[in-house]
Each structure stands twice: as C-alpha cells, then as structure tokens.
$ cat start_34.cif   # mmCIF, C-alpha atoms
data_protein
#
loop_
_atom_site.group_PDB
_atom_site.id
_atom_site.type_symbol
_atom_site.label_atom_id
_atom_site.label_comp_id
_atom_site.auth_asym_id
_atom_site.auth_seq_id
_atom_site.Cartn_x
_atom_site.Cartn_y
_atom_site.Cartn_z
ATOM 1 C CA MET A 1 -17.447 -4.444 7.481
ATOM 2 C CA ILE A 2 -15.844 -7.306 5.610
ATOM 3 C CA ASN A 3 -16.903 -7.853 2.012
ATOM 4 C CA THR A 4 -19.498 -10.675 1.950
ATOM 5 C CA LYS A 5 -17.812 -12.552 -0.894
ATOM 6 C CA ILE A 6 -14.451 -12.433 0.893
ATOM 7 C CA TYR A 7 -16.057 -13.411 4.207
ATOM 8 C CA LYS A 8 -17.601 -16.505 2.619
ATOM 9 C CA ALA A 9 -14.321 -17.412 0.890
ATOM 10 C CA VAL A 10 -12.251 -16.972 4.065
ATOM 11 C CA TYR A 11 -14.639 -18.956 6.245
ATOM 12 C CA GLY A 12 -15.082 -21.645 3.617
ATOM 13 C CA LEU A 13 -11.316 -22.037 3.491
ATOM 14 C CA ALA A 14 -11.111 -22.035 7.299
ATOM 15 C CA GLU A 15 -13.588 -24.911 7.500
ATOM 16 C CA LYS A 16 -11.684 -26.875 4.848
ATOM 17 C CA LEU A 17 -8.368 -26.133 6.607
ATOM 18 C CA MET A 18 -9.745 -27.512 9.887
ATOM 19 C CA LYS A 19 -10.908 -30.686 8.132
ATOM 20 C CA ALA A 20 -7.543 -31.119 6.383
ATOM 21 C CA ALA A 21 -5.713 -30.602 9.680
ATOM 22 C CA ALA A 22 -7.954 -33.112 11.439
ATOM 23 C CA LYS A 23 -7.137 -35.699 8.763
ATOM 24 C CA ASP A 24 -3.411 -34.831 8.774
ATOM 25 C CA ASP A 25 -3.788 -34.104 5.049
ATOM 26 C CA ARG A 26 -0.676 -31.972 4.598
ATOM 27 C CA GLU A 27 -1.009 -31.554 0.831
ATOM 28 C CA THR A 28 -4.582 -30.250 1.015
ATOM 29 C CA PHE A 29 -3.794 -28.083 4.043
ATOM 30 C CA ASP A 30 -0.841 -26.439 2.279
ATOM 31 C CA ALA A 31 -2.884 -25.780 -0.874
ATOM 32 C CA LEU A 32 -5.764 -24.263 1.106
ATOM 33 C CA TYR A 33 -3.371 -22.182 3.213
ATOM 34 C CA ALA A 34 -1.769 -20.825 0.023
ATOM 35 C CA GLU A 35 -5.231 -19.919 -1.282
ATOM 36 C CA LEU A 36 -6.097 -18.077 1.946
ATOM 37 C CA ARG A 37 -2.750 -16.286 1.912
ATOM 38 C CA ALA A 38 -3.347 -15.221 -1.710
ATOM 39 C CA ILE A 39 -6.717 -13.697 -0.760
ATOM 40 C CA CYS A 40 -5.037 -11.678 1.978
ATOM 41 C CA ILE A 41 -2.232 -10.486 -0.268
ATOM 42 C CA ASP A 42 -4.560 -9.703 -3.199
ATOM 43 C CA ASN A 43 -6.806 -7.587 -0.963
ATOM 44 C CA GLU A 44 -4.053 -5.888 1.021
ATOM 45 C CA ASN A 45 -4.304 -2.092 0.962
ATOM 46 C CA THR A 46 -7.527 -2.174 -1.073
ATOM 47 C CA ASP A 47 -11.062 -1.415 0.080
ATOM 48 C CA LYS A 48 -11.482 -5.192 0.521
ATOM 49 C CA ASP A 49 -8.646 -5.430 3.062
ATOM 50 C CA HIS A 50 -9.972 -6.513 6.458
ATOM 51 C CA PRO A 51 -8.364 -7.635 9.752
ATOM 52 C CA GLU A 52 -10.534 -10.765 9.845
ATOM 53 C CA GLN A 53 -8.856 -12.341 6.820
ATOM 54 C CA TRP A 54 -5.408 -11.688 8.322
ATOM 55 C CA GLU A 55 -6.471 -13.043 11.721
ATOM 56 C CA THR A 56 -7.749 -16.204 10.031
ATOM 57 C CA LEU A 57 -4.470 -16.572 8.131
ATOM 58 C CA ALA A 58 -2.530 -16.196 11.395
ATOM 59 C CA ASP A 59 -4.796 -18.755 13.090
ATOM 60 C CA PHE A 60 -3.724 -21.360 10.500
ATOM 61 C CA THR A 61 -0.047 -20.383 10.413
ATOM 62 C CA GLU A 62 1.754 -23.246 12.088
ATOM 63 C CA GLU A 63 5.062 -21.614 13.009
ATOM 64 C CA ILE A 64 4.643 -19.198 15.906
ATOM 65 C CA ASP A 65 7.446 -16.959 14.590
ATOM 66 C CA ASP A 66 5.508 -16.646 11.328
ATOM 67 C CA ALA A 67 2.080 -16.246 12.967
ATOM 68 C CA LEU A 68 2.962 -13.394 15.343
ATOM 69 C CA PRO A 69 3.779 -10.833 12.596
ATOM 70 C CA ILE A 70 0.553 -11.775 10.791
ATOM 71 C CA TYR A 71 -1.436 -11.237 13.992
ATOM 72 C CA GLN A 72 0.338 -7.882 14.369
ATOM 73 C CA LYS A 73 -0.686 -6.934 10.826
ATOM 74 C CA ALA A 74 -4.282 -7.937 11.630
ATOM 75 C CA LEU A 75 -4.127 -5.930 14.862
ATOM 76 C CA ASP A 76 -2.830 -2.838 13.039
ATOM 77 C CA LYS A 77 -5.655 -3.128 10.506
ATOM 78 C CA ALA A 78 -8.234 -3.603 13.285
ATOM 79 C CA GLY A 79 -6.869 -0.543 15.074
ATOM 80 C CA ALA A 80 -7.125 1.523 11.906
ATOM 81 C CA LYS A 81 -10.785 0.459 11.580
ATOM 82 C CA GLN A 82 -11.338 0.956 15.330
ATOM 83 C CA SER A 83 -12.883 -2.507 15.446
ATOM 84 C CA ASN A 84 -12.886 -3.413 19.133
ATOM 85 C CA ASP A 85 -14.201 -6.938 18.512
ATOM 86 C CA HIS A 86 -11.238 -7.693 16.263
ATOM 87 C CA ILE A 87 -8.698 -5.888 18.472
ATOM 88 C CA ALA A 88 -9.792 -7.973 21.459
ATOM 89 C CA SER A 89 -9.863 -11.266 19.566
ATOM 90 C CA ILE A 90 -6.547 -10.745 17.785
ATOM 91 C CA GLY A 91 -4.891 -9.456 20.960
ATOM 92 C CA PHE A 92 -5.976 -12.557 22.851
ATOM 93 C CA SER A 93 -4.702 -14.889 20.119
ATOM 94 C CA MET A 94 -1.398 -13.037 19.974
ATOM 95 C CA ALA A 95 -1.010 -13.091 23.746
ATOM 96 C CA SER A 96 -1.707 -16.827 23.861
ATOM 97 C CA LEU A 97 1.159 -17.486 21.442
ATOM 98 C CA GLN A 98 3.432 -15.026 23.247
ATOM 99 C CA ALA A 99 2.702 -16.722 26.584
ATOM 100 C CA GLU A 100 3.262 -20.137 25.043
ATOM 101 C CA THR A 101 6.736 -19.075 23.888
ATOM 102 C CA GLY A 102 7.731 -17.458 27.189
ATOM 103 C CA GLN A 103 7.212 -13.862 26.034
ATOM 104 C CA THR A 104 5.281 -13.069 29.205
ATOM 105 C CA GLY A 105 5.825 -9.295 29.150
ATOM 106 C CA ALA A 106 4.643 -9.004 25.554
ATOM 107 C CA ALA A 107 1.670 -11.265 26.319
ATOM 108 C CA ILE A 108 0.625 -9.072 29.255
ATOM 109 C CA VAL A 109 0.793 -5.941 27.069
ATOM 110 C CA SER A 110 -1.258 -7.653 24.349
ATOM 111 C CA LEU A 111 -3.842 -8.781 26.915
ATOM 112 C CA GLN A 112 -4.107 -5.345 28.505
ATOM 113 C CA GLN A 113 -4.816 -3.834 25.082
ATOM 114 C CA ALA A 114 -7.295 -6.625 24.336
ATOM 115 C CA ARG A 115 -9.027 -6.075 27.683
ATOM 116 C CA THR A 116 -9.421 -2.348 27.003
ATOM 117 C CA SER A 117 -11.012 -3.045 23.617
ATOM 118 C CA ALA A 118 -13.157 -5.846 25.056
ATOM 119 C CA GLN A 119 -14.893 -3.456 27.453
ATOM 120 C CA SER A 120 -17.180 -2.302 24.641
ATOM 121 C CA ILE A 121 -17.978 -5.700 23.093
ATOM 122 C CA GLU A 122 -20.651 -8.260 23.887
ATOM 123 C CA ASP A 123 -18.524 -11.451 23.789
ATOM 124 C CA ASP A 124 -18.480 -12.382 27.488
ATOM 125 C CA GLU A 125 -16.584 -15.621 26.819
ATOM 126 C CA LEU A 126 -13.719 -13.725 25.153
ATOM 127 C CA LYS A 127 -13.672 -11.209 28.022
ATOM 128 C CA ALA A 128 -13.416 -14.076 30.525
ATOM 129 C CA ASP A 129 -10.630 -15.747 28.504
ATOM 130 C CA ILE A 130 -8.668 -12.484 28.403
ATOM 131 C CA ASP A 131 -9.079 -11.945 32.161
ATOM 132 C CA GLU A 132 -8.152 -15.548 32.967
ATOM 133 C CA LEU A 133 -4.956 -15.529 30.896
ATOM 134 C CA LEU A 134 -3.977 -12.078 32.160
ATOM 135 C CA GLU A 135 -4.477 -13.164 35.768
ATOM 136 C CA SER A 136 -2.441 -16.350 35.290
ATOM 137 C CA LEU A 137 0.431 -14.404 33.714
ATOM 138 C CA THR A 138 0.481 -11.635 36.300
ATOM 139 C CA THR A 139 0.279 -14.053 39.244
ATOM 140 C CA GLY A 140 2.942 -16.346 37.824
ATOM 141 C CA GLN A 141 0.631 -19.343 37.426
ATOM 142 C CA GLU A 142 1.026 -21.588 34.427
ATOM 143 C CA PRO A 143 -1.619 -20.696 31.865
ATOM 144 C CA HIS A 144 -3.477 -23.593 30.249
ATOM 145 C CA PHE A 145 -3.989 -23.578 26.531
ATOM 146 C CA ASP A 146 -7.004 -25.133 24.849
ATOM 147 C CA GLN A 147 -5.329 -26.293 21.657
#
$ encode --input "start_34.cif" --output "structure tokens"
Amino acid sequence: MINTKIYKAVYGLAEKLMKAAAKDDRETFDALYAELRAICIDNENTDKDHPEQWETLADFTEEIDDALPIYQKALDKAGAKQSNDHIASIGFSMASLQAETGQTGAAIVSLQQARTSAQSIEDDELKADIDELLESLTTGQEPHFDQ
C-alpha cells in the first residue's frame, strides 16, 4: 500500500503536470517533474518506495528512451510487491511505448506478462486494452495509440 502522504503528493503533482502540459508551460512542467523525480529518488529503497510513484514519473517522462527504464524500475518494484494491478498497468504502458518505437517483440512480451497479471484484477477496461494491443501486434495490424 502506498503511503497516503506520498500518494497525495504524487497525484497532486500529476494533476499539475497535466495542466502545465496542456498550457505548454515548459518551465512549470520541468519544475514539477523535478519535484516528482525527487520524491521517487528520496523514497527509493525505503519503506515508502512504491511502484506507483515510479509509474507516474515514467508517465510524464517525455523521451521514450528515458521512460522505458523508469517503467522497468516500476515493474520490478511491482513484481517484488506482487501487485498485479500495478504489474498489468505498468506492463501495458511499457508495451505501448515499445510498440510505438517498433520494438514489437518486447511489446508482446510486456503485454503477455501484463495479461497474466490482469487475470486477477477487476479493471476490465485495462484488460480489454491489453488484449486489443496484443492482438494488433500479433496479427501485424497497426495499433492505434490514444495519446
């Protein structure tokens, strides 16, 4: 379970980051991103460390080459906590970026792992998204990205 104080800080920053991005306010976005990154680093390898903060950081990391290792870190932390909700969500996000950059094989592996974890969760929309992207990649169809 994520620490309540950290949860509120991470989600507060996420909301502000979305607003800054929508306004193309680079200066504010960069400052907020640095604050979110600092929370992740400060909590790393403590009892406050949680995959959700790393997943959120990856979600707002603009360079795909920078985001993928952060998603992997989040995935490793989710696996250690055996948090199927996070494994499925992070795996789907990772696979979407991998597919977007032509890393189809890696995306399929990420989606298969996400699908396995998703079997025990209640988020039917995420399950459908995983299945849809996996099907498009394995049948050679162009996936569509809602971004």
$ resolve_selection --input "start_34.cif" --expression "the PyMOL selection byres ((chain A and resi 33) around 12)" --output "VMD selection string"
chain A and resid 10 12 to 18 20 to 21 26 to 32 34 to 40 53 to 54 56 to 62
$ resolve_selection --input "start_34.cif" --expression "the PyMOL selection byres ((chain A and resi 2) around 10)" --output "PyMOL selection string"
chain A and resi 1+3-8+47-53
$ resolve_selection --input "start_34.cif" --expression "the PyMOL selection byres ((chain A and resi 109) around 12)" --output "ChimeraX atom specification"
/A:91-92,94-96,98-99,103-108,110-116,130,133-134,137-138
$ atom_distance --input "start_34.cif" --atom1 "CA of Asp124 in chain A" --atom2 "CA of Gly79 in chain A"
20.7 Å
$ residues_around --input "start_34.cif" --residues "Gln72 in chain A" --least-positions-apart "3" --cutoff "9 Å" --atoms "only C-alpha atoms" --output "list in words"
Glu55, Ala67, Leu68, Pro69, Leu75, Asp76, Lys77, Ile90, Gly91 and Met94 of chain A
$ closest_residue --input "start_34.cif" --among "A:Ala9, A:Thr101, A:Ser89, A:Thr46" --to "Ala118 in chain A" --atoms "only C-alpha atoms"
A:Ser89
$ atom_distance --input "start_34.cif" --atom1 "CA of Asp65 in chain A" --atom2 "CA of Ile121 in chain A"
29.1 Å
$ atom_distance --input "start_34.cif" --atom1 "CA of Asp131 in chain A" --atom2 "CA of Ser93 in chain A"
13.1 Å
